[in-house]
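Engineer: The structure is given below, and queries will be raised subsequently.
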Amino acid sequence: MFNRPLAENPLYNDNKMKIGIIAMNCSHGSTISQVEGAWEMNWPDTREVAVMADRAGFEALLPVARWRGYGGPTNFNNRTFETYNWAAGVAAVTEYSCIFSTSHVPLTHPVAAAKQCATIDHISGGRFALNVVCGWFKNEFEMFGADWKEHDVRYEYATEWLNFVRRIWTEDGEFDFQGRWFDSKNVWSEPKPIQSPMPPVMNAGGSEAGQIFAATQADMNFVILKERDIEGGKSQIAHLKNMAKDAGRDVKSWIHVYVVCRDTEKEAQDYLNHYVNEKGDFEAVNNLLEIFGMQSETLPNEVLDEFRFHFIAGHGGYPLVGTPEQIVDEIGKLIEIGVDGMLISWVDYKTECKQWIDEILPLMEQAGQRAPVKKL
Ligand SMILES: Cc1cc2nc3c(=O)[nH]c(=O)nc-3n(C[C@H](O)[C@H](O)[C@H](O)COP(=O)(O)O)c2cc1C
């Protein structure tokens with residue numbers, strides 16, 4: 001079990017479309033709505049969904065790093081489990097899925113982060129991965145009194161941070177580290193992670209600086225698809241993969257999807273309309289969009305309305321809405337675009353994850369998008 005090759009991590013299996021779950025560690029998950037059945041977020045439900053997904057062969061379970069809510073009647077994402085602890089707990093109750101932690105690089109020192117990651121890699125038996133984020137919500141940085149750096153400098157900081165973490169993961173014996181931000185003597189950490197040479201890293205940078213960071217430093221790029229048609233999506237993903245290739249690297253592309261699956265298309269659309277237009281928390285979503293710098297001063301109203309809709313529906317993710325057959329057809333298009341994996345959010349993770357496993361997974365297998373699940 002020790003020194004497990006990275007290729008054994010399920011992130012590297014042969015399935016054409018890998019699947020995972022995002023934001024289960026946050027109240028309301030990725031849905032900014034007051035609709036009944038929204039995700040309360042507690043440990044028994046988390047464990048139940050994690051185990052269900054793990055047994056069904058989901059490749060990834062990923063928490064969002066969030067330290068405070070966005071206000072409004074839901075105070076969206078105000079209750080969250082801390083991401084390293086969440087990952088350790090989920091790792092202990094699962095057997096197959098890759099378990100991510102998400103780390104705000106300016107809020108965790110590399111020496112602590114490297115050891116936290118190694119610990120979870122051991123608990124999971126070599127199934128850990130790290131999602132590196134630089135921060136986009138100033139108010140939570142103010143809680144730490146942390147330095148809020150100019151946008152592109154955050155990615156320079158993240159590069160040094162990750163280099164330092166990777167040295168700790170891989171170098172035997174003590175070493176000194178001297179960089180622009182870190183000056184550490186006699187650095188030492190044991191045990192090393194189980195995965196060899198080291199655990200995989202994901203990043204969701206969308207800006208030019210973020211894309212360069214993902215292409216040159218990460219193993220997976222978490223992409224927000226700007227164009228939702230095949231040609232637009234294809235060229236965006238190809239651009240990102242080519243950036244990585246030019247740096248001599250192979251970087252996989254993952255996206256976030258929100259899913260509303262019902263027996264008929266009309267039922268799915270009606271439910272989407274209900275939880276977004278009738279029950280949406282418009283105050284929280286406006287706060288969130290303002291934090292992203294998306295306001296009526298910067299964007300035309302129609303564009304803002306569309307953003308608002310997708311953020312309430314699923315944190316700006318790509319919509320998979322309709323019958324199981326329609327959803328599997330749409331996944332076929334995403335494969336054509338070059339998407340390697342998708343992280344899913346639902347309004348109600350418990351019932352809708354079960355529905356995905358019962359009704360959508362078998363169709364994905366029939367369509368050749370995934371191999372049948374090996375019973376664990
Ligand atoms: C699917 C997805 C998940 C993200 N998760 C987090 C997170 O957990 N915490 C966080 O502070 N930022 C998160 N981000 C924000 C990104 O790290 C990044 O800051 C954002 O996409 C903007 O890109 P930029 O930093 O290059 O401007 C996420 C973004 C996406 C698309």
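Convention: chains lettered A, B, ... in structure tokens order; per-chain residue numbering from 1; ligands numbered from 1 as shown.
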Using backbone DSSP assignments, extract all strand (DSSP E) residues from stretch 181-360 of chain A; output them as a PDB file with N, CA, C and O atoms, in the first residue's frame.

Structural biologist:
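And here's out-v6.pdb as it stands now:
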```
ATOM      1  N   ASP A 183      10.573  32.030   4.407  1.00  0.00           N
ATOM      2  CA  ASP A 183      11.976  31.893   4.787  1.00  0.00           C
ATOM      3  C   ASP A 183      11.999  30.889   5.937  1.00  0.00           C
ATOM      4  O   ASP A 183      11.769  31.245   7.083  1.00  0.00           O
ATOM      5  N   SER A 184      12.218  29.615   5.599  1.00  0.00           N
ATOM      6  CA  SER A 184      12.080  28.560   6.605  1.00  0.00           C
ATOM      7  C   SER A 184      13.367  27.758   6.720  1.00  0.00           C
ATOM      8  O   SER A 184      14.023  27.464   5.720  1.00  0.00           O
ATOM      9  N   LYS A 185      13.705  27.415   7.939  1.00  0.00           N
ATOM     10  CA  LYS A 185      14.963  26.689   8.200  1.00  0.00           C
ATOM     11  C   LYS A 185      14.670  25.254   8.635  1.00  0.00           C
ATOM     12  O   LYS A 185      13.701  25.001   9.357  1.00  0.00           O
ATOM     13  N   ASN A 186      15.553  24.353   8.214  1.00  0.00           N
ATOM     14  CA  ASN A 186      15.512  22.952   8.667  1.00  0.00           C
ATOM     15  C   ASN A 186      14.112  22.355   8.551  1.00  0.00           C
ATOM     16  O   ASN A 186      13.577  21.810   9.503  1.00  0.00           O
ATOM     17  N   VAL A 187      13.537  22.508   7.371  1.00  0.00           N
ATOM     18  CA  VAL A 187      12.166  22.024   7.168  1.00  0.00           C
ATOM     19  C   VAL A 187      12.161  20.498   7.096  1.00  0.00           C
ATOM     20  O   VAL A 187      13.007  19.891   6.415  1.00  0.00           O
ATOM     21  N   GLN A 195       0.876   8.560  -2.172  1.00  0.00           N
ATOM     22  CA  GLN A 195       0.895   8.613  -3.637  1.00  0.00           C
ATOM     23  C   GLN A 195       2.264   9.035  -4.140  1.00  0.00           C
ATOM     24  O   GLN A 195       2.876   9.967  -3.610  1.00  0.00           O
ATOM     25  N   SER A 196       2.689   8.341  -5.175  1.00  0.00           N
ATOM     26  CA  SER A 196       4.003   8.592  -5.713  1.00  0.00           C
ATOM     27  C   SER A 196       3.881   9.100  -7.159  1.00  0.00           C
ATOM     28  O   SER A 196       3.180   8.481  -7.946  1.00  0.00           O
ATOM     29  N   VAL A 201      -3.038  17.910  -8.029  1.00  0.00           N
ATOM     30  CA  VAL A 201      -3.461  19.268  -7.656  1.00  0.00           C
ATOM     31  C   VAL A 201      -4.429  19.809  -8.698  1.00  0.00           C
ATOM     32  O   VAL A 201      -4.233  19.637  -9.902  1.00  0.00           O
ATOM     33  N   MET A 202      -5.488  20.458  -8.209  1.00  0.00           N
ATOM     34  CA  MET A 202      -6.468  21.101  -9.098  1.00  0.00           C
ATOM     35  C   MET A 202      -6.450  22.605  -8.840  1.00  0.00           C
ATOM     36  O   MET A 202      -6.101  23.050  -7.747  1.00  0.00           O
ATOM     37  N   ASN A 203      -6.835  23.391  -9.855  1.00  0.00           N
ATOM     38  CA  ASN A 203      -6.988  24.834  -9.650  1.00  0.00           C
ATOM     39  C   ASN A 203      -8.083  25.364 -10.560  1.00  0.00           C
ATOM     40  O   ASN A 203      -8.253  24.888 -11.678  1.00  0.00           O
ATOM     41  N   MET A 220      -5.107  19.370 -12.858  1.00  0.00           N
ATOM     42  CA  MET A 220      -6.476  19.520 -13.360  1.00  0.00           C
ATOM     43  C   MET A 220      -6.859  20.985 -13.300  1.00  0.00           C
ATOM     44  O   MET A 220      -6.557  21.669 -12.312  1.00  0.00           O
ATOM     45  N   ASN A 221      -7.539  21.412 -14.365  1.00  0.00           N
ATOM     46  CA  ASN A 221      -8.024  22.782 -14.412  1.00  0.00           C
ATOM     47  C   ASN A 221      -9.540  22.740 -14.257  1.00  0.00           C
ATOM     48  O   ASN A 221     -10.217  22.021 -14.990  1.00  0.00           O
ATOM     49  N   PHE A 222     -10.043  23.492 -13.314  1.00  0.00           N
ATOM     50  CA  PHE A 222     -11.468  23.528 -13.059  1.00  0.00           C
ATOM     51  C   PHE A 222     -12.032  24.718 -13.844  1.00  0.00           C
ATOM     52  O   PHE A 222     -11.855  25.861 -13.461  1.00  0.00           O
ATOM     53  N   VAL A 223     -12.681  24.433 -14.969  1.00  0.00           N
ATOM     54  CA  VAL A 223     -12.985  25.462 -15.962  1.00  0.00           C
ATOM     55  C   VAL A 223     -14.430  25.970 -15.823  1.00  0.00           C
ATOM     56  O   VAL A 223     -15.338  25.174 -15.627  1.00  0.00           O
ATOM     57  N   LYS A 252      -5.813  17.947 -17.152  1.00  0.00           N
ATOM     58  CA  LYS A 252      -7.194  17.549 -17.444  1.00  0.00           C
ATOM     59  C   LYS A 252      -8.140  18.706 -17.145  1.00  0.00           C
ATOM     60  O   LYS A 252      -7.873  19.532 -16.273  1.00  0.00           O
ATOM     61  N   SER A 253      -9.289  18.695 -17.854  1.00  0.00           N
ATOM     62  CA  SER A 253     -10.274  19.771 -17.636  1.00  0.00           C
ATOM     63  C   SER A 253     -11.533  19.226 -16.965  1.00  0.00           C
ATOM     64  O   SER A 253     -12.154  18.287 -17.466  1.00  0.00           O
ATOM     65  N   TRP A 254     -11.878  19.838 -15.872  1.00  0.00           N
ATOM     66  CA  TRP A 254     -13.098  19.491 -15.148  1.00  0.00           C
ATOM     67  C   TRP A 254     -14.019  20.705 -15.130  1.00  0.00           C
ATOM     68  O   TRP A 254     -13.545  21.845 -15.190  1.00  0.00           O
ATOM     69  N   ILE A 255     -15.331  20.457 -15.062  1.00  0.00           N
ATOM     70  CA  ILE A 255     -16.277  21.567 -14.930  1.00  0.00           C
ATOM     71  C   ILE A 255     -17.254  21.265 -13.791  1.00  0.00           C
ATOM     72  O   ILE A 255     -17.362  20.134 -13.324  1.00  0.00           O
ATOM     73  N   HIS A 256     -17.958  22.324 -13.377  1.00  0.00           N
ATOM     74  CA  HIS A 256     -19.030  22.166 -12.386  1.00  0.00           C
ATOM     75  C   HIS A 256     -20.355  22.129 -13.152  1.00  0.00           C
ATOM     76  O   HIS A 256     -20.586  22.968 -14.015  1.00  0.00           O
ATOM     77  N   VAL A 257     -21.199  21.131 -12.852  1.00  0.00           N
ATOM     78  CA  VAL A 257     -22.535  21.090 -13.462  1.00  0.00           C
ATOM     79  C   VAL A 257     -23.587  21.087 -12.359  1.00  0.00           C
ATOM     80  O   VAL A 257     -23.355  20.539 -11.291  1.00  0.00           O
ATOM     81  N   TYR A 258     -24.713  21.752 -12.607  1.00  0.00           N
ATOM     82  CA  TYR A 258     -25.841  21.575 -11.690  1.00  0.00           C
ATOM     83  C   TYR A 258     -26.891  20.737 -12.410  1.00  0.00           C
ATOM     84  O   TYR A 258     -27.086  20.871 -13.619  1.00  0.00           O
ATOM     85  N   VAL A 259     -27.514  19.840 -11.649  1.00  0.00           N
ATOM     86  CA  VAL A 259     -28.373  18.828 -12.260  1.00  0.00           C
ATOM     87  C   VAL A 259     -29.802  18.916 -11.739  1.00  0.00           C
ATOM     88  O   VAL A 259     -30.025  18.979 -10.524  1.00  0.00           O
ATOM     89  N   VAL A 260     -30.747  18.972 -12.673  1.00  0.00           N
ATOM     90  CA  VAL A 260     -32.169  18.829 -12.326  1.00  0.00           C
ATOM     91  C   VAL A 260     -32.722  17.761 -13.258  1.00  0.00           C
ATOM     92  O   VAL A 260     -32.898  17.988 -14.462  1.00  0.00           O
ATOM     93  N   CYS A 261     -32.965  16.569 -12.717  1.00  0.00           N
ATOM     94  CA  CYS A 261     -33.423  15.449 -13.536  1.00  0.00           C
ATOM     95  C   CYS A 261     -34.825  15.025 -13.083  1.00  0.00           C
ATOM     96  O   CYS A 261     -35.052  14.779 -11.888  1.00  0.00           O
ATOM     97  N   TYR A 318     -22.567  24.575 -15.223  1.00  0.00           N
ATOM     98  CA  TYR A 318     -23.180  24.249 -16.519  1.00  0.00           C
ATOM     99  C   TYR A 318     -24.464  23.456 -16.249  1.00  0.00           C
ATOM    100  O   TYR A 318     -24.455  22.514 -15.459  1.00  0.00           O
ATOM    101  N   PRO A 319     -25.603  23.832 -16.887  1.00  0.00           N
ATOM    102  CA  PRO A 319     -26.864  23.153 -16.563  1.00  0.00           C
ATOM    103  C   PRO A 319     -27.026  21.797 -17.235  1.00  0.00           C
ATOM    104  O   PRO A 319     -26.829  21.674 -18.439  1.00  0.00           O
ATOM    105  N   LEU A 320     -27.390  20.793 -16.458  1.00  0.00           N
ATOM    106  CA  LEU A 320     -27.836  19.503 -17.003  1.00  0.00           C
ATOM    107  C   LEU A 320     -29.261  19.324 -16.502  1.00  0.00           C
ATOM    108  O   LEU A 320     -29.479  18.894 -15.360  1.00  0.00           O
ATOM    109  N   VAL A 321     -30.218  19.704 -17.340  1.00  0.00           N
ATOM    110  CA  VAL A 321     -31.618  19.779 -16.917  1.00  0.00           C
ATOM    111  C   VAL A 321     -32.472  19.000 -17.903  1.00  0.00           C
ATOM    112  O   VAL A 321     -32.410  19.249 -19.114  1.00  0.00           O
ATOM    113  N   GLY A 322     -33.271  18.049 -17.398  1.00  0.00           N
ATOM    114  CA  GLY A 322     -34.170  17.312 -18.293  1.00  0.00           C
ATOM    115  C   GLY A 322     -34.356  15.881 -17.823  1.00  0.00           C
ATOM    116  O   GLY A 322     -34.207  15.572 -16.635  1.00  0.00           O
ATOM    117  N   GLY A 341     -13.976  15.579 -16.727  1.00  0.00           N
ATOM    118  CA  GLY A 341     -14.723  15.227 -15.525  1.00  0.00           C
ATOM    119  C   GLY A 341     -15.662  16.342 -15.120  1.00  0.00           C
ATOM    120  O   GLY A 341     -15.480  17.501 -15.502  1.00  0.00           O
ATOM    121  N   MET A 342     -16.711  15.979 -14.380  1.00  0.00           N
ATOM    122  CA  MET A 342     -17.629  17.018 -13.917  1.00  0.00           C
ATOM    123  C   MET A 342     -17.966  16.810 -12.448  1.00  0.00           C
ATOM    124  O   MET A 342     -18.170  15.694 -11.988  1.00  0.00           O
ATOM    125  N   LEU A 343     -18.010  17.915 -11.724  1.00  0.00           N
ATOM    126  CA  LEU A 343     -18.404  17.882 -10.318  1.00  0.00           C
ATOM    127  C   LEU A 343     -19.841  18.373 -10.250  1.00  0.00           C
ATOM    128  O   LEU A 343     -20.167  19.453 -10.755  1.00  0.00           O
ATOM    129  N   ILE A 344     -20.688  17.573  -9.591  1.00  0.00           N
ATOM    130  CA  ILE A 344     -22.128  17.818  -9.639  1.00  0.00           C
ATOM    131  C   ILE A 344     -22.604  18.501  -8.363  1.00  0.00           C
ATOM    132  O   ILE A 344     -22.132  18.185  -7.270  1.00  0.00           O
ATOM    133  N   SER A 345     -23.579  19.416  -8.516  1.00  0.00           N
ATOM    134  CA  SER A 345     -24.351  19.870  -7.358  1.00  0.00           C
ATOM    135  C   SER A 345     -25.826  19.676  -7.654  1.00  0.00           C
ATOM    136  O   SER A 345     -26.254  19.757  -8.810  1.00  0.00           O
TER     137      SER A 345
END
```

Engineer: Using only C-alpha atoms, which residues sit within 8 Å of stretch 324-336 of chain A once same-chain residues fewer than 5 positions away are excluded, as a ChimeraX atom specification?

Structural biologist: /A:16-17,230,234,261-263,359-360,363-364,367,369

Engineer: Could I get the residues of chain A with an atom no further than 7 Å from an atom of ligand 1, each paired with its nearest atom pair and that distance in Å to one decimal, using only C-alpha atoms and all ligand atoms, sorted by chain and residue number, as a tab-separated table?

Structural biologist:
```
residue	atom	partner	partner_atom_place_in_ligand_line	distance
A:Pro63	CA	ligand 1	8 (O)	6.7
A:Val64	CA	ligand 1	8 (O)	3.4
A:Ala65	CA	ligand 1	8 (O)	3.8
A:Arg66	CA	ligand 1	9 (N)	5.8
A:Thr102	CA	ligand 1	8 (O)	5.8
A:His104	CA	ligand 1	11 (O)	6.4
A:Val133	CA	ligand 1	17 (O)	4.2
A:Cys134	CA	ligand 1	17 (O)	5.8
A:Gly135	CA	ligand 1	11 (O)	4.1
A:Trp136	CA	ligand 1	11 (O)	5.2
A:Phe137	CA	ligand 1	11 (O)	6.4
A:Asn203	CA	ligand 1	17 (O)	6.5
A:Ala204	CA	ligand 1	16 (C)	4.6
A:Gly205	CA	ligand 1	26 (O)	3.5
A:Gly206	CA	ligand 1	23 (O)	3.9
A:Ser207	CA	ligand 1	26 (O)	3.7
A:Glu208	CA	ligand 1	26 (O)	6.6
A:Ala209	CA	ligand 1	26 (O)	6.1
A:Gly210	CA	ligand 1	26 (O)	3.8
A:Gln211	CA	ligand 1	26 (O)	6.6
A:Phe222	CA	ligand 1	31 (C)	6.0
A:Val223	CA	ligand 1	31 (C)	6.0
A:Ile224	CA	ligand 1	31 (C)	5.4
A:Ile255	CA	ligand 1	1 (C)	6.6
A:His256	CA	ligand 1	1 (C)	5.2
```

Engineer: I want to know what sits within 8 Å of A:Ala129, based on only C-alpha atoms, with residues of the same chain fewer than 6 positions away left out; could you give that as JSON, numbers by chain?

Structural biologist: {"A": [98, 99, 100, 101, 117, 199, 200, 201, 202]}

Engineer: Keeping C-alpha atoms, export the residues of the selection given above as a PDB file, in the first residue's frame.

Structural biologist:
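Contents of out-v5.pdb, as written:
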```pdb
ATOM      1  CA  CYS A  98     -10.573  10.542  -4.656  1.00  0.00           C
ATOM      2  CA  ILE A  99     -11.103  12.856  -1.679  1.00  0.00           C
ATOM      3  CA  PHE A 100     -10.162  16.496  -2.170  1.00  0.00           C
ATOM      4  CA  SER A 101      -9.410  19.228   0.273  1.00  0.00           C
ATOM      5  CA  CYS A 117      -2.472  16.578   2.977  1.00  0.00           C
ATOM      6  CA  PRO A 199      -0.921  13.866  -4.728  1.00  0.00           C
ATOM      7  CA  PRO A 200      -2.630  15.570  -7.701  1.00  0.00           C
ATOM      8  CA  VAL A 201      -3.461  19.268  -7.656  1.00  0.00           C
ATOM      9  CA  MET A 202      -6.468  21.101  -9.098  1.00  0.00           C
TER      10      MET A 202
END
```

Engineer: Quick check for you: according to DSSP on this backbone, which residues of stretch 114-237 of chain A are classed as alpha helix (DSSP H)? Reply as number ranges by chain.

Structural biologist: A: 114-123, 138-144, 151-170, 208-217, 230-237
